>>> print(open('input-v6.tsv').read())   # TSV, C-alpha atoms
chain	number	residue	atom	x	y	z
A	628	ALA	CA	71.17	88.63	111.93
A	629	ARG	CA	72.62	92.14	112.18
A	630	TYR	CA	75.56	91.08	109.97
A	631	ILE	CA	73.12	90.04	107.25
A	632	TYR	CA	71.44	93.46	107.28
A	633	LEU	CA	74.84	95.18	107.43
A	634	ALA	CA	75.96	93.20	104.37
A	635	ALA	CA	72.73	94.12	102.53
A	636	THR	CA	73.21	97.81	103.37
A	637	THR	CA	76.84	97.71	102.22
A	638	ALA	CA	75.80	96.02	98.98
A	639	THR	CA	73.17	98.72	98.44
A	640	LEU	CA	75.73	101.51	98.88
A	641	CYS	CA	78.08	99.77	96.44
A	642	LEU	CA	75.35	99.44	93.82
A	643	LEU	CA	74.23	103.05	94.15
A	644	THR	CA	77.85	104.18	93.83
A	645	ARG	CA	78.55	102.04	90.75
A	646	LEU	CA	75.94	99.76	89.21
A	647	ASP	CA	78.65	97.49	87.83
A	648	SER	CA	79.48	96.58	91.44
A	649	ALA	CA	76.80	93.94	90.86
A	650	LEU	CA	79.48	91.90	89.07
A	651	LEU	CA	81.60	91.93	92.22
A	652	LEU	CA	78.70	91.29	94.57
A	653	ALA	CA	76.90	88.54	92.64
A	654	PRO	CA	79.45	85.72	93.21
A	655	ALA	CA	79.76	86.60	96.90
A	656	GLY	CA	75.96	86.76	97.23
A	657	ALA	CA	75.56	83.38	95.53
A	658	PHE	CA	78.22	81.89	97.81
A	659	LEU	CA	76.55	83.25	100.97
A	660	LEU	CA	73.09	82.14	99.81
A	661	HIS	CA	74.44	78.65	99.23
A	662	ARG	CA	75.91	78.60	102.75
A	663	VAL	CA	72.63	79.83	104.22
A	664	ALA	CA	70.55	77.32	102.27
A	665	SER	CA	72.88	74.53	103.40
A	666	ASN	CA	72.09	75.28	107.04
A	667	ARG	CA	69.60	72.86	108.50
A	668	GLY	CA	67.31	73.15	111.46
A	669	GLU	CA	65.62	76.03	113.22
A	670	THR	CA	68.67	78.33	113.18
A	671	GLY	CA	69.11	77.89	109.44
A	672	GLY	CA	65.43	78.78	108.89
A	673	ARG	CA	65.76	82.03	110.84
A	674	VAL	CA	68.90	82.99	108.96
A	675	LEU	CA	67.19	82.32	105.64
A	676	MET	CA	64.21	84.46	106.67
A	677	HIS	CA	66.48	87.37	107.67
A	678	THR	CA	68.37	86.99	104.40
A	679	LEU	CA	65.16	87.30	102.38
A	680	PHE	CA	64.10	90.38	104.34
A	681	ALA	CA	67.56	91.92	103.93
A	682	ALA	CA	67.42	91.39	100.16
A	683	ALA	CA	64.55	93.89	100.08
A	684	ILE	CA	66.99	96.69	101.01
A	685	PRO	CA	69.00	96.70	97.75
A	686	LEU	CA	65.98	95.74	95.63
A	687	THR	CA	63.88	98.63	96.95
A	688	SER	CA	66.78	101.07	96.65
A	689	LEU	CA	67.43	100.08	93.04
A	690	CYS	CA	63.75	100.45	92.14
A	691	LEU	CA	63.77	103.98	93.56
A	692	PHE	CA	67.05	104.75	91.77
A	693	PHE	CA	65.73	103.59	88.40
A	694	ALA	CA	62.51	105.54	88.92
A	695	PHE	CA	64.60	108.66	89.57
A	696	CYS	CA	66.66	108.00	86.42
A	697	VAL	CA	63.54	107.69	84.27
A	698	ALA	CA	62.18	110.96	85.70
A	699	GLN	CA	65.51	112.81	85.44
A	700	TYR	CA	67.11	111.39	82.29
A	701	GLY	CA	64.23	109.76	80.44
A	702	SER	CA	65.74	106.27	80.69
A	703	MET	CA	66.58	103.77	83.41
A	704	LEU	CA	70.33	104.32	83.07
A	705	PRO	CA	72.00	107.74	83.03
A	706	ASN	CA	73.50	109.07	79.81
A	707	THR	CA	77.06	108.39	81.01
A	708	PHE	CA	76.37	104.65	80.68
A	709	TYR	CA	75.59	104.94	76.98
A	710	ALA	CA	78.56	107.26	76.40
A	711	LYS	CA	81.05	104.94	78.09
A	712	ALA	CA	79.76	101.47	77.25
A	713	GLY	CA	81.10	101.55	73.71
A	714	ARG	CA	82.10	97.86	73.62
A	715	GLU	CA	85.43	98.62	71.95
A	716	LEU	CA	86.88	95.12	72.33
A	717	ALA	CA	90.12	95.98	70.55
A	718	PHE	CA	90.80	98.83	72.95
A	719	GLY	CA	89.69	96.61	75.86
A	720	HIS	CA	92.36	94.05	74.97
A	721	PHE	CA	94.90	96.86	74.54
A	722	TYR	CA	93.92	98.32	77.92
A	723	PHE	CA	94.30	95.00	79.76
A	724	ASN	CA	97.63	94.22	78.09
A	725	GLU	CA	98.96	97.68	78.93
A	726	PHE	CA	97.87	97.16	82.53
A	727	LEU	CA	99.79	93.87	82.74
A	728	SER	CA	102.83	95.46	81.12
A	729	HIS	CA	102.67	98.51	83.39
A	730	GLU	CA	102.65	96.21	86.43
A	731	ASN	CA	105.62	94.21	85.07
A	732	TYR	CA	103.34	91.18	84.55
A	733	VAL	CA	103.08	90.62	88.31
A	734	TYR	CA	99.68	89.01	87.75
A	735	VAL	CA	101.22	86.45	85.39
A	736	TRP	CA	104.43	85.31	87.01
A	737	THR	CA	103.23	85.41	90.63
A	738	PRO	CA	100.60	82.64	90.13
A	739	ILE	CA	103.25	80.57	88.32
A	740	ILE	CA	105.56	80.89	91.32
A	741	MET	CA	102.69	80.00	93.64
A	742	MET	CA	101.81	76.89	91.65
A	743	THR	CA	105.47	75.85	91.65
A	744	ILE	CA	105.71	76.22	95.43
A	745	ALA	CA	102.45	74.35	95.90
A	746	TRP	CA	103.55	71.55	93.57
A	747	ARG	CA	106.86	71.09	95.37
A	748	LYS	CA	105.09	70.92	98.69
A	749	ARG	CA	102.30	68.72	97.27
A	750	ALA	CA	99.91	71.20	98.81
A	751	LEU	CA	97.93	72.50	95.84
A	752	ILE	CA	95.07	69.99	95.82
A	753	SER	CA	94.65	69.92	99.59
A	754	ALA	CA	94.68	73.74	99.87
A	755	VAL	CA	92.11	74.23	97.14
A	756	GLY	CA	89.97	71.50	98.61
A	757	ALA	CA	90.13	73.09	102.07
A	758	GLU	CA	89.03	76.48	100.75
A	759	GLY	CA	86.23	75.00	98.66
A	760	GLY	CA	83.72	77.55	97.43
A	761	PHE	CA	85.62	80.54	98.80
A	762	ALA	CA	88.52	80.05	96.37
A	763	THR	CA	86.11	79.52	93.48
A	764	MET	CA	84.27	82.70	94.43
A	765	LEU	CA	87.45	84.80	94.47
A	766	LEU	CA	88.79	83.42	91.20
A	767	GLY	CA	85.39	83.60	89.51
A	768	THR	CA	84.84	87.22	90.59
A	769	ALA	CA	88.29	88.26	89.36
A	770	PHE	CA	87.76	86.54	86.01
A	771	LEU	CA	84.28	88.04	85.63
A	772	TRP	CA	85.58	91.53	86.30
A	773	VAL	CA	88.44	91.24	83.79
A	774	VAL	CA	86.03	89.99	81.10
A	775	TYR	CA	83.72	92.92	81.86
A	776	VAL	CA	86.50	95.52	81.65
A	777	VAL	CA	87.72	94.12	78.32
A	778	TYR	CA	84.15	93.91	76.99
A	779	ILE	CA	83.34	97.58	77.70
A	780	GLY	CA	86.66	98.68	76.22
A	781	GLY	CA	88.61	99.59	79.37
A	782	GLY	CA	89.03	103.27	80.15
A	783	PHE	CA	91.27	106.27	79.65
A	784	MET	CA	91.82	107.41	83.27
A	785	GLY	CA	94.80	105.24	84.17
A	786	TYR	CA	94.12	101.71	85.38
A	787	ARG	CA	91.53	102.52	88.03
A	788	LEU	CA	89.09	99.96	86.60
A	789	MET	CA	91.53	97.21	87.57
A	790	VAL	CA	91.49	98.08	91.29
A	791	PRO	CA	88.86	95.40	92.17
A	792	PHE	CA	90.95	92.79	90.34
A	793	ILE	CA	94.08	93.87	92.25
A	794	ALA	CA	92.27	93.55	95.61
A	795	LEU	CA	90.93	90.08	94.77
A	796	PHE	CA	94.36	89.01	93.52
A	797	TYR	CA	96.07	89.93	96.79
A	798	ILE	CA	93.38	88.35	98.96
A	799	LYS	CA	93.89	85.06	97.10
A	800	LEU	CA	97.69	85.42	97.05
A	801	ILE	CA	98.07	86.03	100.78
A	802	SER	CA	95.54	83.31	101.62
A	803	ASP	CA	97.39	80.75	99.49
A	804	LEU	CA	100.83	81.75	100.75
A	805	ALA	CA	99.75	81.44	104.36
A	806	LYS	CA	98.23	78.00	103.82
A	807	ILE	CA	100.75	76.49	101.43
A	808	ALA	CA	104.15	77.96	102.14
A	809	GLY	CA	104.20	79.56	105.59
A	810	SER	CA	105.16	83.01	106.80
A	811	ARG	CA	108.67	83.05	105.29
A	812	ALA	CA	107.33	82.53	101.79
A	813	VAL	CA	104.67	85.17	102.43
A	814	ALA	CA	107.41	87.68	103.22
A	815	LEU	CA	109.65	86.76	100.27
A	816	VAL	CA	106.97	86.71	97.60
A	817	SER	CA	105.35	89.86	98.99
A	818	VAL	CA	108.69	91.72	98.79
A	819	ALA	CA	109.22	90.49	95.20
A	820	VAL	CA	105.75	91.63	94.17
A	821	MET	CA	106.22	95.00	95.88
A	822	ILE	CA	109.55	95.59	94.06
A	823	ALA	CA	107.91	94.73	90.74
A	824	HIS	CA	105.07	97.15	91.44
A	825	VAL	CA	107.40	99.99	92.46
A	826	SER	CA	109.58	99.52	89.38
A	827	GLY	CA	106.44	99.54	87.26
A	828	TYR	CA	105.73	103.09	88.41
A	829	THR	CA	109.25	104.33	87.63
A	830	HIS	CA	109.14	103.77	83.86
A	831	ASP	CA	110.71	106.46	81.71
A	832	ARG	CA	108.04	109.07	81.10
A	833	ASP	CA	108.80	109.35	77.37
A	834	ASP	CA	108.38	105.61	76.85
A	835	GLU	CA	105.21	105.68	78.94
A	836	SER	CA	103.67	108.46	76.88
A	837	GLN	CA	104.43	106.61	73.65
A	838	LEU	CA	102.84	103.40	74.87
A	839	ASP	CA	99.80	104.83	76.64
A	840	VAL	CA	98.67	107.14	73.87
A	841	VAL	CA	95.03	106.99	75.01
A	842	ILE	CA	95.47	106.01	78.67
A	843	GLU	CA	96.22	109.07	80.77
A	844	SER	CA	98.46	108.62	83.79
A	845	PRO	CA	97.45	109.98	87.22
A	846	GLU	CA	100.10	112.68	86.74
A	847	ASP	CA	98.53	113.80	83.47
A	848	LEU	CA	95.04	113.85	84.99
A	849	HIS	CA	96.33	115.79	87.99
A	850	ASP	CA	97.96	118.29	85.66
A	851	HIS	CA	94.59	119.20	84.11
A	852	VAL	CA	93.31	120.55	87.42
A	853	ARG	CA	96.50	121.68	89.17
A	854	ARG	CA	98.93	123.19	86.64
A	855	PRO	CA	99.53	126.91	87.28
A	856	HIS	CA	97.69	129.67	85.37
A	857	THR	CA	95.76	127.43	82.92
A	858	ASN	CA	94.17	124.60	84.91
A	859	TRP	CA	90.52	123.76	84.34
A	860	PRO	CA	89.16	125.15	87.64
A	861	LEU	CA	90.85	128.48	86.83
A	862	VAL	CA	89.28	128.39	83.36
A	863	GLY	CA	85.88	127.80	84.93
A	864	ARG	CA	86.31	130.63	87.43
A	865	ARG	CA	87.43	133.01	84.68
A	866	LEU	CA	84.39	132.14	82.55
A	867	ASN	CA	82.22	132.68	85.61
A	868	ALA	CA	83.71	136.10	86.29
A	869	LEU	CA	83.22	137.20	82.69
A	870	PHE	CA	79.88	135.71	81.71
A	871	TYR	CA	77.82	134.33	84.60
A	872	THR	CA	74.73	136.29	85.61
A	873	GLY	CA	72.43	133.54	86.83
A	874	GLY	CA	69.81	134.47	84.28
A	875	PRO	CA	68.22	132.26	81.60
A	876	ASP	CA	70.23	133.93	78.82
A	877	ASP	CA	73.73	133.21	80.07
A	878	VAL	CA	76.42	132.39	77.50
A	879	LEU	CA	76.20	128.78	76.30
A	880	ILE	CA	79.62	127.17	76.09
A	881	ALA	CA	80.80	123.86	74.61
A	882	THR	CA	83.78	121.95	75.99
A	883	THR	CA	85.25	118.47	76.29
A	884	ALA	CA	86.27	119.20	79.90
A	885	ALA	CA	82.62	119.11	80.94
A	886	GLY	CA	83.22	118.39	84.61
A	887	ALA	CA	85.42	121.04	86.19
A	888	ILE	CA	84.70	123.86	83.75
A	889	PRO	CA	80.86	123.82	83.98
A	890	TYR	CA	81.10	123.31	87.76
A	891	PHE	CA	83.26	126.37	88.37
A	892	SER	CA	81.78	128.54	85.61
A	893	ARG	CA	78.13	127.70	86.44
A	894	LEU	CA	77.35	128.32	82.78
A	895	PRO	CA	75.05	126.15	80.64
A	896	THR	CA	77.32	123.73	78.81
A	897	LEU	CA	77.20	121.37	75.85
A	898	ASP	CA	79.41	118.37	76.64
A	899	MET	CA	81.32	117.79	73.42
A	900	HIS	CA	81.99	114.14	74.35
A	901	GLY	CA	78.35	113.51	75.14
A	902	LEU	CA	78.62	112.38	78.77
A	903	ASN	CA	76.08	115.04	79.75
A	904	THR	CA	74.56	115.67	76.32
A	905	ILE	CA	72.56	112.79	74.91
A	906	GLU	CA	72.37	114.20	71.37
A	907	VAL	CA	76.16	113.90	71.09
A	908	THR	CA	76.10	110.39	72.57
A	909	ARG	CA	73.64	109.28	69.89
A	910	ALA	CA	74.77	111.25	66.85
A	911	GLY	CA	78.22	112.69	67.53
A	912	ALA	CA	81.10	111.91	65.17
A	913	LYS	CA	83.17	108.83	66.01
A	914	VAL	CA	86.71	110.07	66.75
A	915	THR	CA	88.53	107.57	69.01
A	916	PRO	CA	88.03	104.10	70.51
A	917	THR	CA	88.43	105.53	74.01
A	918	PRO	CA	85.34	104.80	76.18
A	919	GLY	CA	83.62	108.01	77.20
A	920	HIS	CA	85.57	110.01	74.62
A	921	SER	CA	84.70	108.01	71.53
A	922	ARG	CA	82.29	110.61	70.10
A	923	LYS	CA	82.58	114.35	69.69
A	924	ALA	CA	80.11	117.07	68.77
A	925	THR	CA	80.44	118.43	65.25
A	926	ILE	CA	80.43	122.12	64.41
A	927	ASN	CA	76.99	121.70	62.81
A	928	GLN	CA	75.61	120.15	66.02
A	929	MET	CA	76.97	123.04	68.06
A	930	PHE	CA	75.50	125.62	65.68
A	931	ALA	CA	72.15	123.81	65.89
A	932	ALA	CA	72.32	123.78	69.71
A	933	GLY	CA	72.86	127.54	69.83
A	934	VAL	CA	76.37	127.43	71.32
A	935	ASN	CA	77.98	130.84	71.76
A	936	LEU	CA	81.57	129.97	72.67
A	937	VAL	CA	83.40	126.73	71.88
A	938	VAL	CA	86.12	126.07	74.44
A	939	ASP	CA	86.77	122.50	73.20
A	940	HIS	CA	89.79	121.00	75.00
A	941	PRO	CA	91.24	124.19	76.52
A	942	THR	CA	94.25	125.51	74.62
A	943	PHE	CA	96.24	128.66	75.34
A	944	ILE	CA	98.49	131.24	73.74
A	945	CYS	CA	101.02	132.40	76.34
A	946	GLY	CA	103.47	135.28	76.38
A	947	ASP	CA	104.08	137.40	73.30
A	948	GLU	CA	103.79	134.47	70.90
A	949	ASP	CA	102.71	135.58	67.44
A	950	VAL	CA	100.00	133.28	66.11
A	951	PRO	CA	99.10	134.06	62.49
A	952	SER	CA	96.05	131.79	62.38
A	953	VAL	CA	94.02	129.42	64.52
A	954	GLY	CA	91.73	126.80	63.05
A	955	TYR	CA	89.08	124.59	64.56
A	956	ASP	CA	89.54	120.86	63.91
A	957	ASP	CA	86.05	119.57	63.21
A	958	PRO	CA	85.68	115.76	63.27
A	959	GLU	CA	83.60	115.86	60.07
A	960	GLN	CA	84.90	118.80	58.02
A	961	GLY	CA	88.54	118.95	59.15
A	962	MET	CA	90.33	122.23	59.83
A	963	LEU	CA	88.08	125.30	59.68
A	964	TYR	CA	89.72	128.73	59.49
A	965	ASP	CA	86.62	130.81	58.81
A	966	LEU	CA	85.30	130.80	62.41
A	967	GLN	CA	85.61	133.85	64.64
A	968	VAL	CA	88.39	133.33	67.19
A	969	VAL	CA	88.06	135.04	70.57
A	970	LEU	CA	90.94	135.04	73.06
A	971	MET	CA	90.04	135.10	76.74
A	972	PRO	CA	92.84	136.50	78.98
A	973	MET	CA	93.48	134.40	82.07
A	974	GLN	CA	93.94	136.10	85.42
A	975	SER	CA	97.64	135.21	85.69
A	976	GLY	CA	100.53	133.85	83.67
A	977	ASN	CA	100.10	136.14	80.63
A	978	CYS	CA	98.06	133.43	78.87
A	979	ARG	CA	94.95	133.71	76.71
A	980	MET	CA	92.53	130.85	76.10
A	981	VAL	CA	91.42	130.15	72.55
A	982	THR	CA	87.67	130.02	71.97
A	983	PHE	CA	85.54	129.98	68.84
A	984	TYR	CA	82.62	132.41	68.65
A	985	LEU	CA	79.60	130.85	66.93
A	986	HIS	CA	76.25	132.49	67.79
A	987	PRO	CA	76.39	136.20	68.75
A	988	HIS	CA	75.73	137.09	72.39
A	989	SER	CA	75.37	140.58	73.83
A	990	ARG	CA	77.70	139.88	76.75
A	991	VAL	CA	80.50	138.61	74.51
A	992	ASP	CA	80.07	141.57	72.16
A	993	SER	CA	80.19	143.99	75.11
A	994	LEU	CA	83.43	142.51	76.43
A	995	LEU	CA	84.99	142.56	72.96
A	996	THR	CA	84.08	146.25	72.61
A	997	GLY	CA	85.46	147.01	76.08
A	998	GLY	CA	88.75	145.24	75.40
A	999	GLN	CA	88.29	142.53	78.04
A	1000	LEU	CA	88.29	139.95	75.27
A	1001	ASP	CA	90.51	139.92	72.21
A	1002	ARG	CA	89.56	139.00	68.68
A	1003	LEU	CA	92.15	137.09	66.67
A	1004	ARG	CA	91.95	137.75	62.95
A	1005	ASN	CA	93.37	134.84	60.95
A	1006	ARG	CA	95.80	135.86	58.24
>>> encode(input="input-v6.tsv", output="structure tokens")
Amino acid sequence: ARYIYLAATTATLCLLTRLDSALLLAPAGAFLLHRVASNRGETGGRVLMHTLFAAAIPLTSLCLFFAFCVAQYGSMLPNTFYAKAGRELAFGHFYFNEFLSHENYVYVWTPIIMMTIAWRKRALISAVGAEGGFATMLLGTAFLWVVYVVYIGGGFMGYRLMVPFIALFYIKLISDLAKIAGSRAVALVSVAVMIAHVSGYTHDRDDESQLDVVIESPEDLHDHVRRPHTNWPLVGRRLNALFYTGGPDDVLIATTAAGAIPYFSRLPTLDMHGLNTIEVTRAGAKVTPTPGHSRKATINQMFAAGVNLVVDHPTFICGDEDVPSVGYDDPEQGMLYDLQVVLMPMQSGNCRMVTFYLHPHSRVDSLLTGGQLDRLRNR
């Protein structure tokens, strides 16, 4: 009985971490319920009773979670769901195809090899029959997850959404190899798959950047938060040092990097992609098919929200570079050169971050007067 309650607790933690874990848990839950219901006699009755009691753990937890969401966000699901679930099927197909290509089509040719080995050994039907519902559960879960990822449009942060599929693939692969072909085949096919995976991660970087124009590699994502002098945590800390007071009238910034920068700056922030700002999620301009980044706040929305400084996607002028003019690329109006441009010196690297000054703020004006901020006059 303790394993039933442990499984229910694990399922609860998965669901509270990511609600879409339900797609991974549902086939396994149906399979286990079928096994429990198939048990006859007194032992089967006790197991069924414990299973029903254990089901109350995730159900109660989800009810409390949804109640919290309604109180906190005004809806059962947090705003990030509506910002990311764009249902961009075209990009979803592109995402899945790029994943297969990036992995050298391991998930295509490996099953073909397996079916060939099984056919030669006349072992395919007997192996599938021996596994029964377990094989169906694995294959069904993998298929369901791929359909879901394509349906929501994939993602832009590498191929992390395919990790559950990869795990299910290898569980099935190793299980089949062990049953059908023996340990020697397990070793040979595993080595072949490993070589294909390793070579997939040694593609030429230029080719990779041309193919994955909207899918950022782990290296690119790491660069945002670790590159010297201009990484996002440093930007946040610099904004904090210049503007944060903890009062209700702190400078309101707007940025697309609305994770690290607001965290380290502690300043009120308008998320220009709408993940944390529902007005942008509902009415922002459509700019890309990338889930989570498909909409962007317009300059009119930021004026209406009372934004003081627009950081946008942080850009920098480094060294003694002479920049005659800097424009803001608005998704509705195009390039705007009539906005006030304020340059914020970083603490190292002789770099200045470009910001656009919308609504006046006494703290910004004071720093401009004192020379701690620079004003760039377009010419």
>>> residues_around(input="input-v6.tsv", residues="Leu936 of chain A", least_positions_apart="2", cutoff="12 Å", atoms="all atoms listed in the file", output="PyMOL selection string")
chain A and resi 866+870+877-882+894-897+926+929-930+932-934+938-939+941+966-971+980-988+990-992
>>> residues_around(input="input-v6.tsv", residues="Asp957 of chain A", least_positions_apart="5", cutoff="12 Å", atoms="only C-alpha atoms", output="ChimeraX atom specification")
/A:899,911-914,922-929,937,939,962-964,966,983
>>> atom_distance(input="input-v6.tsv", atom1="atom CA of Leu689 of chain A", atom2="atom CA of Leu651 of chain A")
16.4 Å
>>> atom_distance(input="input-v6.tsv", atom1="atom CA of Ile793 of chain A", atom2="atom CA of Gly656 of chain A")
20.1 Å
>>> closest_residue(input="input-v6.tsv", among="A:Val852, A:Ala628, A:Leu716, A:Ile905", to="Tyr775 of chain A", atoms="only C-alpha atoms")
A:Leu716
